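Visitor: Next up, target_31.txt (compact mmCIF, C-alpha atoms).
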```
# COMPACT_ATOMS: atom_id res chain seq x y z
CA MET A 904 0.21 -3.34 -9.47
CA LYS A 905 -1.98 -6.43 -9.59
CA MET A 906 -5.48 -7.79 -10.05
CA ALA A 907 -7.07 -11.00 -8.82
CA ASN A 908 -9.99 -13.08 -10.14
CA VAL A 909 -11.21 -10.19 -12.28
CA GLU A 910 -14.24 -10.46 -14.53
CA PHE A 911 -15.68 -7.78 -16.78
CA THR A 912 -18.71 -7.66 -19.05
CA TYR A 913 -19.56 -4.88 -21.47
CA PRO A 914 -23.23 -3.76 -21.12
CA VAL A 915 -24.10 -4.96 -24.66
CA ASN A 916 -22.72 -8.49 -24.08
CA ASN A 917 -24.50 -11.49 -22.60
CA SER A 918 -21.31 -13.24 -21.49
CA PRO A 919 -18.16 -11.83 -19.82
CA THR A 920 -15.54 -10.28 -22.11
CA VAL A 921 -12.77 -11.47 -19.78
CA THR A 922 -13.01 -13.73 -16.73
CA GLY A 923 -10.74 -15.24 -14.08
CA ILE A 924 -7.88 -12.79 -14.74
CA THR A 925 -5.07 -12.76 -12.14
CA VAL A 926 -1.80 -10.93 -12.95
CA GLN A 927 0.81 -8.73 -11.31
CA VAL A 928 3.42 -6.26 -12.56
CA SER A 929 6.60 -5.12 -10.81
CA LEU A 930 9.58 -2.92 -11.69
CA SER A 931 11.38 -5.98 -13.09
CA SER A 932 8.48 -7.11 -15.31
CA ARG A 933 8.95 -7.53 -19.06
CA VAL A 934 5.63 -8.90 -20.29
CA ALA A 935 4.28 -9.57 -23.78
CA CYS A 936 0.47 -9.82 -23.92
CA VAL A 937 -0.56 -11.77 -27.01
CA GLY A 938 -3.71 -13.33 -28.46
CA VAL A 939 -6.15 -13.15 -31.36
CA ASN A 940 -8.18 -10.02 -32.01
CA GLY A 941 -11.25 -9.90 -29.78
CA ALA A 942 -9.75 -12.12 -27.05
CA GLY A 943 -9.83 -9.23 -24.55
CA LYS A 944 -6.20 -8.09 -24.39
CA SER A 945 -6.95 -4.36 -24.42
CA THR A 946 -9.89 -4.84 -22.03
CA MET A 947 -7.61 -6.59 -19.54
CA ILE A 948 -5.08 -3.75 -19.72
CA LYS A 949 -7.82 -1.14 -19.26
CA LEU A 950 -8.90 -2.96 -16.08
CA LEU A 951 -5.31 -3.08 -14.82
CA THR A 952 -4.73 0.64 -15.43
CA GLY A 953 -8.09 1.84 -14.09
CA GLU A 954 -9.56 2.78 -17.45
CA ALA A 955 -12.43 0.34 -16.70
CA ILE A 956 -14.02 -0.99 -13.50
CA PRO A 957 -14.33 -4.80 -13.03
CA ASN A 958 -17.69 -6.41 -12.27
CA VAL A 959 -15.95 -9.04 -10.12
CA GLY A 960 -12.51 -9.19 -8.48
CA THR A 961 -10.00 -6.67 -7.15
CA VAL A 962 -7.50 -4.32 -8.78
CA TRP A 963 -4.68 -2.72 -6.75
CA LYS A 964 -1.86 -0.28 -7.46
CA HIS A 965 0.78 0.96 -5.04
CA PRO A 966 -0.20 4.50 -3.93
CA ASN A 967 3.18 5.93 -5.02
CA ALA A 968 3.40 4.13 -8.38
CA ARG A 969 3.33 6.21 -11.58
CA VAL A 970 1.99 4.32 -14.57
CA ALA A 971 2.18 5.45 -18.22
CA TYR A 972 -0.44 3.86 -20.48
CA VAL A 973 -0.18 4.33 -24.25
CA ALA A 974 -3.48 3.02 -25.64
CA GLN A 975 -3.94 1.14 -28.92
CA HIS A 976 -5.70 4.14 -30.40
CA ALA A 977 -2.93 6.39 -29.10
CA PHE A 978 -4.24 9.49 -30.84
CA HIS A 979 -7.29 9.80 -28.56
CA HIS A 980 -5.13 11.71 -26.06
CA ILE A 981 -4.28 14.43 -28.58
CA GLU A 982 -7.37 14.61 -30.80
CA GLN A 983 -8.72 17.53 -28.77
CA HIS A 984 -5.43 19.43 -29.04
CA LEU A 985 -4.56 19.34 -32.73
CA ASN A 986 -4.14 23.15 -32.79
CA LYS A 987 -1.39 22.94 -30.16
CA THR A 988 2.23 22.12 -30.82
CA PRO A 989 3.54 18.96 -29.09
CA ASN A 990 5.47 21.23 -26.72
CA GLU A 991 2.34 23.19 -25.81
CA TYR A 992 0.33 20.00 -25.34
CA ILE A 993 2.76 18.49 -22.81
CA ARG A 994 2.98 21.77 -20.87
CA TRP A 995 -0.84 21.98 -20.83
CA ARG A 996 -1.18 18.38 -19.68
CA TYR A 997 1.15 18.79 -16.69
CA GLU A 998 0.78 22.53 -15.97
CA ASN A 999 -0.51 22.05 -12.40
CA GLY A 1000 1.86 19.23 -11.51
CA ASP A 1001 -0.85 16.63 -12.19
CA ASP A 1002 -1.44 14.50 -15.27
CA LYS A 1003 -4.81 15.70 -16.58
CA GLU A 1004 -5.21 12.60 -18.76
CA ALA A 1005 -4.60 10.20 -15.85
CA ASN A 1006 -7.05 12.03 -13.59
CA SER A 1007 -9.90 11.65 -16.10
CA LYS A 1008 -10.18 7.85 -15.66
CA VAL A 1009 -13.59 6.30 -15.00
CA THR A 1010 -12.22 4.86 -11.74
CA MET A 1011 -11.71 8.44 -10.52
CA ALA A 1012 -15.27 9.64 -11.29
CA LEU A 1013 -17.81 9.59 -8.47
CA SER A 1014 -21.26 8.11 -9.04
CA PRO A 1015 -24.34 9.99 -7.67
CA GLU A 1016 -24.63 7.38 -4.91
CA GLU A 1017 -20.96 7.84 -3.92
CA LYS A 1018 -21.39 11.63 -3.87
CA GLU A 1019 -24.40 11.28 -1.56
CA VAL A 1020 -22.50 9.01 0.83
CA CYS A 1021 -19.62 11.52 1.02
CA MET A 1022 -22.01 14.33 2.01
CA ALA A 1023 -23.07 12.54 5.21
CA PRO A 1024 -21.98 14.19 8.53
CA VAL A 1025 -18.83 12.81 10.13
CA VAL A 1026 -18.44 12.38 13.91
CA ILE A 1027 -15.02 13.53 15.14
CA ASP A 1028 -13.38 14.33 18.48
CA SER A 1029 -13.05 18.00 19.45
CA VAL A 1030 -12.34 20.08 22.56
CA ASP A 1031 -14.75 22.57 24.18
CA VAL A 1032 -13.77 25.88 25.81
CA LYS A 1033 -13.10 24.09 29.12
CA GLY A 1034 -10.73 21.60 27.53
CA ASN A 1035 -13.12 18.66 27.64
CA VAL A 1036 -13.16 16.15 24.77
CA ILE A 1037 -16.51 16.20 22.98
CA LYS A 1038 -18.06 14.58 19.90
CA ILE A 1039 -19.15 16.88 17.08
CA LYS A 1040 -20.60 16.40 13.60
CA ARG A 1041 -19.12 18.02 10.50
CA VAL A 1042 -19.44 17.57 6.74
CA ILE A 1043 -16.30 17.06 4.65
CA ASP A 1044 -16.13 19.69 1.90
CA ARG A 1045 -13.10 18.29 0.03
CA MET A 1046 -9.71 16.64 0.37
CA THR A 1047 -6.90 19.18 0.05
CA GLY A 1048 -4.52 16.88 -1.87
CA GLN A 1049 -2.07 16.55 1.04
CA ARG A 1050 -1.01 13.19 2.49
CA LYS A 1051 1.41 12.04 5.18
CA ASP A 1052 2.62 8.72 6.51
CA ASN A 1053 1.42 7.77 10.01
CA LYS A 1054 4.18 5.34 11.03
CA LYS A 1055 2.50 4.51 14.34
CA GLU A 1056 -0.73 3.36 12.67
CA LYS A 1057 1.15 2.03 9.60
CA GLN A 1058 -1.17 3.82 7.19
CA TYR A 1059 -1.55 7.18 5.46
CA GLU A 1060 -3.38 10.22 6.78
CA TYR A 1061 -5.17 12.65 4.45
CA GLU A 1062 -5.95 16.31 5.07
CA VAL A 1063 -9.63 17.26 4.73
CA ALA A 1064 -11.34 20.66 4.63
CA TRP A 1065 -14.70 21.03 6.39
CA ASP A 1066 -17.82 22.57 4.91
CA GLY A 1067 -18.29 26.18 6.07
CA LEU A 1068 -14.96 26.37 7.98
CA GLY A 1069 -11.65 28.05 7.13
CA TYR A 1070 -8.37 26.27 6.35
CA GLU A 1071 -7.23 26.63 9.98
CA TYR A 1072 -9.82 23.98 10.90
CA ASN A 1073 -8.48 21.41 8.40
CA THR A 1074 -8.03 17.97 9.94
CA TRP A 1075 -5.91 14.88 9.22
CA LEU A 1076 -7.96 11.68 9.05
CA LEU A 1077 -6.65 8.13 8.85
CA GLN A 1078 -7.00 6.11 5.65
CA GLU A 1079 -9.04 3.43 7.44
CA LYS A 1080 -11.61 5.96 8.68
CA LEU A 1081 -11.94 7.64 5.28
CA GLU A 1082 -12.49 4.28 3.56
CA LYS A 1083 -15.37 3.53 5.93
CA LEU A 1084 -16.84 6.98 5.14
CA GLY A 1085 -16.81 6.25 1.38
CA PHE A 1086 -13.78 8.37 0.38
CA LYS A 1087 -11.78 5.57 -1.27
CA LYS A 1088 -11.82 7.22 -4.72
CA HIS A 1089 -10.93 10.60 -3.21
CA MET A 1090 -7.86 9.04 -1.59
CA LYS A 1091 -6.92 7.37 -4.88
CA MET A 1092 -7.01 10.79 -6.57
CA VAL A 1093 -4.76 12.25 -3.88
CA ASP A 1094 -2.36 9.29 -4.26
CA GLU A 1095 -2.17 9.91 -8.01
CA LYS A 1096 -1.43 13.60 -7.51
CA VAL A 1097 1.25 12.95 -4.88
CA ALA A 1098 2.97 10.38 -7.13
CA GLN A 1099 2.78 12.69 -10.17
CA ARG A 1100 4.21 15.65 -8.29
CA GLU A 1101 7.12 13.52 -7.10
CA GLY A 1102 7.90 12.70 -10.74
CA ALA A 1103 7.56 16.34 -11.82
CA TYR A 1104 9.89 17.63 -9.07
CA LYS A 1105 13.11 16.65 -10.83
CA ARG A 1106 12.41 18.47 -14.09
CA PRO A 1107 10.71 21.90 -14.32
CA LEU A 1108 7.99 22.17 -16.97
CA THR A 1109 9.69 24.70 -19.23
CA GLN A 1110 9.64 25.02 -23.02
CA ALA A 1111 13.37 24.21 -23.22
CA ASN A 1112 13.06 21.09 -21.04
CA VAL A 1113 10.04 19.79 -22.99
CA GLU A 1114 11.85 20.48 -26.27
CA LYS A 1115 14.85 18.43 -25.08
CA HIS A 1116 12.50 15.66 -23.90
CA LEU A 1117 10.80 15.48 -27.30
CA GLU A 1118 14.18 15.32 -29.04
CA ASP A 1119 15.19 12.43 -26.75
CA ILE A 1120 12.09 10.55 -27.92
CA GLY A 1121 13.09 11.21 -31.55
CA LEU A 1122 10.96 14.22 -32.51
CA ASP A 1123 13.06 17.07 -33.88
CA ARG A 1124 12.49 20.51 -32.32
CA GLU A 1125 11.21 21.82 -35.65
CA TYR A 1126 8.21 19.47 -35.31
CA GLY A 1127 8.07 19.45 -31.51
CA THR A 1128 7.98 23.21 -30.96
CA HIS A 1129 7.05 24.85 -34.26
CA HIS A 1130 4.50 22.50 -35.90
CA ARG A 1131 0.91 22.00 -34.80
CA MET A 1132 -0.04 18.38 -34.18
CA ALA A 1133 -2.64 18.42 -36.97
CA ALA A 1134 0.26 18.61 -39.46
CA LEU A 1135 2.24 15.67 -38.02
CA SER A 1136 2.41 12.18 -39.52
CA GLY A 1137 1.08 9.10 -37.73
CA GLY A 1138 4.55 8.07 -36.55
CA GLN A 1139 5.29 11.57 -35.24
CA LYS A 1140 2.00 11.61 -33.32
CA VAL A 1141 2.88 8.29 -31.69
CA LYS A 1142 6.17 9.84 -30.55
CA VAL A 1143 4.25 12.78 -29.06
CA VAL A 1144 2.02 10.39 -27.09
CA LEU A 1145 5.05 8.41 -25.90
CA ALA A 1146 6.87 11.60 -24.86
CA ALA A 1147 3.82 12.92 -23.00
CA SER A 1148 3.33 9.60 -21.18
CA MET A 1149 7.01 9.48 -20.15
CA TRP A 1150 7.24 13.09 -18.94
CA ASN A 1151 6.45 12.29 -15.30
CA GLN A 1152 9.03 9.46 -15.22
CA PRO A 1153 6.73 6.45 -14.69
CA HIS A 1154 7.65 3.28 -12.82
CA VAL A 1155 5.60 1.08 -15.16
CA LEU A 1156 5.08 1.58 -18.91
CA ILE A 1157 2.14 -0.14 -20.65
CA LEU A 1158 2.16 -0.12 -24.45
CA ASP A 1159 -0.88 -1.29 -26.43
CA GLU A 1160 0.31 -2.11 -29.98
CA PRO A 1161 3.44 0.12 -29.84
CA THR A 1162 4.61 -1.07 -33.27
CA ASN A 1163 1.71 0.64 -35.08
CA TYR A 1164 2.82 3.59 -37.27
CA LEU A 1165 6.52 3.29 -36.29
CA ASP A 1166 9.13 2.68 -38.96
CA ARG A 1167 11.94 0.13 -38.69
CA GLU A 1168 14.46 2.65 -37.33
CA SER A 1169 12.04 3.87 -34.65
CA LEU A 1170 11.18 0.29 -33.65
CA GLY A 1171 14.88 -0.45 -33.18
CA ALA A 1172 15.27 2.62 -30.98
CA LEU A 1173 12.18 1.69 -28.96
CA SER A 1174 13.50 -1.85 -28.46
CA THR A 1175 16.84 -0.51 -27.18
CA ALA A 1176 15.09 1.97 -24.88
CA ILE A 1177 12.88 -0.77 -23.37
CA GLU A 1178 15.95 -2.91 -22.69
CA LYS A 1179 17.61 -0.03 -20.80
CA PHE A 1180 14.43 1.13 -19.01
CA GLU A 1181 14.68 0.54 -15.24
CA GLY A 1182 10.94 0.18 -14.69
CA GLY A 1183 8.35 -2.45 -15.59
CA VAL A 1184 7.03 -2.89 -19.14
CA VAL A 1185 3.87 -4.57 -20.44
CA MET A 1186 3.33 -4.73 -24.21
CA ILE A 1187 0.34 -5.82 -26.27
CA THR A 1188 1.63 -6.63 -29.74
CA HIS A 1189 1.20 -8.88 -32.77
CA ASN A 1190 4.84 -8.32 -33.75
CA ASN A 1191 6.47 -11.50 -32.40
CA ASP A 1192 9.98 -10.47 -33.54
CA PHE A 1193 9.67 -7.26 -31.53
CA CYS A 1194 8.47 -8.77 -28.25
CA SER A 1195 10.14 -12.21 -28.19
CA LYS A 1196 13.65 -10.90 -27.47
CA LEU A 1197 12.40 -8.29 -24.98
CA CYS A 1198 9.87 -10.21 -22.89
CA PRO A 1199 10.65 -13.46 -21.06
CA GLU A 1200 7.10 -13.45 -19.60
CA THR A 1201 3.99 -13.89 -21.76
CA TRP A 1202 0.29 -13.41 -21.06
CA VAL A 1203 -1.67 -15.42 -23.64
CA MET A 1204 -5.30 -14.33 -24.01
CA THR A 1205 -7.59 -16.91 -25.63
CA LYS A 1206 -11.23 -16.61 -26.65
CA HIS A 1207 -13.29 -19.67 -25.72
CA GLU A 1208 -16.45 -21.05 -27.32
CA ASP A 1209 -18.62 -19.27 -24.74
CA GLY A 1210 -17.17 -15.92 -25.91
CA CYS A 1211 -15.14 -15.33 -22.72
CA GLY A 1212 -11.52 -14.25 -22.83
CA ARG A 1213 -9.29 -16.25 -20.48
CA LEU A 1214 -5.64 -15.82 -19.57
CA ASP A 1215 -2.74 -18.27 -19.58
CA CYS A 1216 0.45 -16.88 -18.02
CA GLN A 1217 3.68 -18.34 -19.38
CA GLY A 1218 7.25 -17.44 -18.70
CA ASP A 1219 10.74 -18.38 -17.66
CA PRO A 1220 10.77 -18.84 -13.85
CA GLU A 1221 14.57 -18.79 -13.84
CA TRP A 1222 14.48 -15.27 -15.34
CA MET A 1223 12.39 -14.01 -12.41
CA LYS A 1224 14.76 -15.78 -10.00
CA HIS A 1225 17.79 -14.05 -11.54
CA GLN A 1226 16.00 -10.68 -11.49
CA VAL A 1227 15.43 -11.00 -7.74
CA GLN A 1228 19.09 -11.88 -7.19
CA ASP A 1229 20.41 -9.04 -9.34
CA LYS A 1230 21.70 -6.09 -7.37
CA VAL A 1231 20.06 -2.84 -8.37
CA GLU A 1232 22.05 0.33 -7.73
CA PHE A 1233 20.40 3.73 -7.42
CA LYS A 1234 22.40 6.88 -8.03
CA ALA A 1235 21.36 9.89 -5.98
CA MET A 1236 20.67 13.04 -8.00
CA GLU A 1237 23.33 15.65 -7.19
CA GLU A 1238 21.91 18.68 -9.00
CA MET A 1239 18.92 19.88 -11.00
CA VAL A 1240 18.12 22.85 -13.23
CA ASP A 1241 15.27 25.14 -12.11
CA ALA A 1242 12.81 27.05 -14.30
CA LEU A 1243 15.25 30.00 -14.63
CA GLY A 1244 18.10 27.81 -15.81
CA ASN A 1245 20.00 27.93 -12.49
CA VAL A 1246 21.87 24.80 -11.37
CA VAL A 1247 20.67 23.86 -7.87
CA LYS A 1248 22.56 21.41 -5.66
CA VAL A 1249 20.32 18.67 -4.26
CA LYS A 1250 21.01 17.78 -0.64
CA ALA A 1251 21.54 14.04 -0.24
CA PRO A 1252 19.16 12.32 2.19
CA LYS A 1253 20.66 11.66 5.61
CA LYS A 1254 21.49 8.03 6.29
CA VAL A 1255 19.17 6.48 8.87
CA LEU A 1256 21.13 4.35 11.36
CA SER A 1257 19.73 1.17 12.84
CA ARG A 1258 19.26 0.85 16.58
CA GLN A 1259 22.33 -1.39 16.80
CA GLU A 1260 24.45 1.11 14.84
CA LYS A 1261 23.33 3.97 17.07
CA LYS A 1262 24.28 2.03 20.25
CA LYS A 1263 27.69 1.17 18.81
CA ARG A 1264 28.45 4.77 17.83
CA ALA A 1265 27.16 6.04 21.17
CA LYS A 1266 29.72 3.81 22.94
CA VAL A 1267 32.51 5.16 20.72
CA ARG A 1268 31.44 8.73 21.49
CA ALA A 1269 31.29 8.05 25.25
CA ALA A 1270 34.75 6.47 25.18
CA LYS A 1271 36.21 9.51 23.38
CA ILE A 1272 34.71 11.88 25.96
CA ALA A 1273 36.03 9.71 28.85
CA ASN A 1274 39.55 9.79 27.33
CA GLY A 1275 39.40 13.55 26.83
CA GLU A 1276 39.39 13.21 23.05
CA GLU A 1277 37.66 15.71 20.79
CA VAL A 1278 34.26 14.65 19.47
CA SER A 1279 33.90 15.34 15.73
CA ASP A 1280 30.90 16.87 13.99
CA GLU A 1281 30.21 13.47 12.44
CA ASP A 1282 30.09 11.88 15.90
CA GLU A 1283 27.66 14.56 17.07
CA ALA A 1284 25.47 14.04 14.01
CA ASP A 1285 25.43 10.28 14.56
CA TRP A 1286 24.55 10.82 18.23
CA GLU A 1287 21.60 13.02 17.25
```
How does the structure come out when it is put into structure tokens?

Guide:
Amino acid sequence: MKMANVEFTYPVNNSPTVTGITVQVSLSSRVACVGVNGAGKSTMIKLLTGEAIPNVGTVWKHPNARVAYVAQHAFHHIEQHLNKTPNEYIRWRYENGDDKEANSKVTMALSPEEKEVCMAPVVIDSVDVKGNVIKIKRVIDRMTGQRKDNKKEKQYEYEVAWDGLGYEYNTWLLQEKLEKLGFKKHMKMVDEKVAQREGAYKRPLTQANVEKHLEDIGLDREYGTHHRMAALSGGQKVKVVLAASMWNQPHVLILDEPTNYLDRESLGALSTAIEKFEGGVVMITHNNDFCSKLCPETWVMTKHEDGCGRLDCQGDPEWMKHQVQDKVEFKAMEEMVDALGNVVKVKAPKKVLSRQEKKKRAKVRAAKIANGEEVSDEDEADWE
């Protein structure tokens, strides 16, 4: 995820809150965002995560990336659910496979003008009863939430449902065409849902699985399953927010003042967990001891005389060089547990051979046939 030359001004301000912000985050990022209060650290993070819309500049996130954002005032996620237990809250939040908190961002909401643009008729190709290609006009009712990769066009296609027509008339439209029609936010919502469902696939949303997840974060099952959140301490509530954010297995974790409310033991555990985490991490913190040993890269926000917050990126370039050179190994998941507690074997993805490898194996196969040798199942599979 990245943003370039971003500027943002709150409506009540005369000058920009932040200006000229250019940053990027990858899976290898370990970033500490520091600066005095009021310099615009939290505002910058809100722009990066889509919680706010910039007045100037661009913000981009990979369509398949899952991002967990734990805000400075972390309790705002759970204030409306104090009568639920932590277990009930997480199951409510992800009950449809989507993250309800993530889908409520301002960058996902359509303005009246955007809604009006999306209601305009769309010209598409169709076929008449004689088989002739004709142009017809239809109005898009909604996007179904389905997406596929069009390798020929090197872009995604999204399924749309048409106003007044049944599902059998649904059509796949290219990303480029939908952007021109004003459906950029709709596509972003579909991208979020697809990414979230991919994260939810590996772990069914059951009471037992959520209970185990909460215990892994450090919240005992007595508090995670049998206590309402209104009765929890500040530190326990922070653990609930962390657990809920991590449920869909994010690629990037953004923590705004993670050291608030956590005791020394919990901070030590969080530090160890961040070191072992295989995704990217961005932390806003005033606790220099906590972030200095974890983050070789630093974003320093400073407030200038004109009231604008500006960014100075510092870091160890050799660290990034070593990260690129490091070999990262991924272990394929061999089995998972379904909602009924059954162990299900996961079929490993089939290796895709290069063109050169296919030609080489085809020659070996042809030589075996010419010599009257038996062709193995593996040879047949490679040939296919």

Visitor: May I have a table of the residues of region 1133-1186 of chain A lying at most 12 Å from region 937-945 of chain A, giving each one's closest pair of atoms and their distance in Å to one decimal, counting all atoms listed in the file, ordered by chain and ascending residue number, as CSV?

Guide:
```
residue,atom,partner,partner_atom,distance
A:Ile1157,CA,A:Ser945,CA,10.7
A:Leu1158,CA,A:Ser945,CA,10.0
A:Asp1159,CA,A:Ser945,CA,7.1
A:Glu1160,CA,A:Ser945,CA,9.4
A:Val1185,CA,A:Val937,CA,10.7
A:Met1186,CA,A:Val937,CA,8.5
```

Visitor: What are the closest atom pairs, with distances in Å to one decimal, for all residues of region 1084-1202 of chain A lying within 7 Å of region 978-1002 of chain A? Consider only C-alpha atoms, order rows by chain and residue number, and present the result as CSV.

Guide:
```
residue,atom,partner,partner_atom,distance
A:Lys1096,CA,A:Asp1001,CA,5.6
A:Gln1099,CA,A:Asp1001,CA,5.7
A:Arg1100,CA,A:Gly1000,CA,5.4
A:Ala1103,CA,A:Gly1000,CA,6.4
A:Leu1108,CA,A:Arg994,CA,6.4
A:Gln1110,CA,A:Asn990,CA,6.7
A:Val1113,CA,A:Asn990,CA,6.1
A:Glu1114,CA,A:Asn990,CA,6.4
A:Gly1127,CA,A:Pro989,CA,5.2
A:Thr1128,CA,A:Asn990,CA,5.3
A:His1129,CA,A:Thr988,CA,6.5
A:His1130,CA,A:Thr988,CA,5.6
A:Arg1131,CA,A:Thr988,CA,4.2
A:Met1132,CA,A:Leu985,CA,4.8
A:Ala1133,CA,A:Leu985,CA,4.7
A:Val1143,CA,A:Pro989,CA,6.2
A:Ala1147,CA,A:Ile993,CA,5.7
```

Visitor: Go ahead and save the picked residues with C-alpha atoms, as a tab-separated table (two decimals), keeping the file's coordinate frame.

Guide:
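Printed below is again_19.tsv as written:
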```
chain	number	residue	atom	x	y	z
A	1096	LYS	CA	-1.43	13.60	-7.51
A	1099	GLN	CA	2.78	12.69	-10.17
A	1100	ARG	CA	4.21	15.65	-8.29
A	1103	ALA	CA	7.56	16.34	-11.82
A	1108	LEU	CA	7.99	22.17	-16.97
A	1110	GLN	CA	9.64	25.02	-23.02
A	1113	VAL	CA	10.04	19.79	-22.99
A	1114	GLU	CA	11.85	20.48	-26.27
A	1127	GLY	CA	8.07	19.45	-31.51
A	1128	THR	CA	7.98	23.21	-30.96
A	1129	HIS	CA	7.05	24.85	-34.26
A	1130	HIS	CA	4.50	22.50	-35.90
A	1131	ARG	CA	0.91	22.00	-34.80
A	1132	MET	CA	-0.04	18.38	-34.18
A	1133	ALA	CA	-2.64	18.42	-36.97
A	1143	VAL	CA	4.25	12.78	-29.06
A	1147	ALA	CA	3.82	12.92	-23.00
```

Visitor: Between CA of Val1030 (chain A) and CA of Arg1050 (chain A), measure the distance and give it in Å to one decimal.

Guide: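 Interatomic distance here is 24.1 Å.
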
Visitor: Just the number, please: distance in Å from CA of Leu1077 (chain A) to CA of Ile1027 (chain A), one decimal.

Guide: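 Here the two named atoms are 11.8 Å from each other.
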
Visitor: Return as AutoDock Vina command-line options the centre and edge lengths, in Å with one decimal, of the box along x, y and z that encloses every atom of region 1260-1263 of chain A in the file, padded by 3 Å per side.

Guide:
```
--center_x 25.5 --center_y 2.5 --center_z 17.5 --size_x 10.4 --size_y 8.9 --size_z 11.4
```

Visitor: CA of Glu1168 (chain A) and CA of Met1149 (chain A), how far apart in Å?

Guide: 19.9 Å

Visitor: Fewer than 2 positions away in the same chain doesn't count, so skip those; otherwise give me all residues within 8 Å of Ser1029 (chain A), counting only C-alpha atoms, as a PyMOL selection string.

Guide: chain A and resi 1027+1031+1036-1039

Visitor: Choose the residue, out of A:Cys1216, A:Val1155, A:Ile924, A:Ala1064, that has the smallest atom-to-atom separation from Asn958 (chain A); count only C-alpha atoms.

Guide: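 Of A:Cys1216, A:Val1155, A:Ile924, A:Ala1064, the one nearest Asn958 (chain A) is A:Ile924, counting only C-alpha atoms.
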
Visitor: Taking only C-alpha atoms into account, which of A:Cys1198, A:Ile956, A:Asn1053, A:Met1204 comes nearest Val921 (chain A)?

Guide: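 For Val921 (chain A), the nearest of the given residues is A:Met1204.
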
Visitor: With all atoms listed in the file as the atoms that count, which of A:Glu1118, A:Val909, A:Asn967, A:Leu930 lies nearest to Lys949 (chain A)?

Guide: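 Checking each candidate against Lys949 (chain A), we get A:Val909 as the closest.
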
Visitor: Find the residue from A:Ile1272, A:Met1090, A:Leu1173, A:Met947 that sits nearest to Thr922 (chain A); use all atoms listed in the file when measuring.

Guide: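 That would be A:Met947, the residue with the smallest distance to Thr922 (chain A).
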
Visitor: Would you mind telling me which residue in A:Leu1156, A:Asn908, A:Lys1055, A:Thr1175 lies nearest to Thr952 (chain A) when using all atoms listed in the file?

Guide: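 Under the stated criterion, the closest residue is A:Leu1156.
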
Visitor: Region 959-965 of chain A: which residues within 6 Å, counting only C-alpha atoms, same-chain residues fewer than 4 positions away excluded, as a ChimeraX atom specification?

Guide: /A:904-910
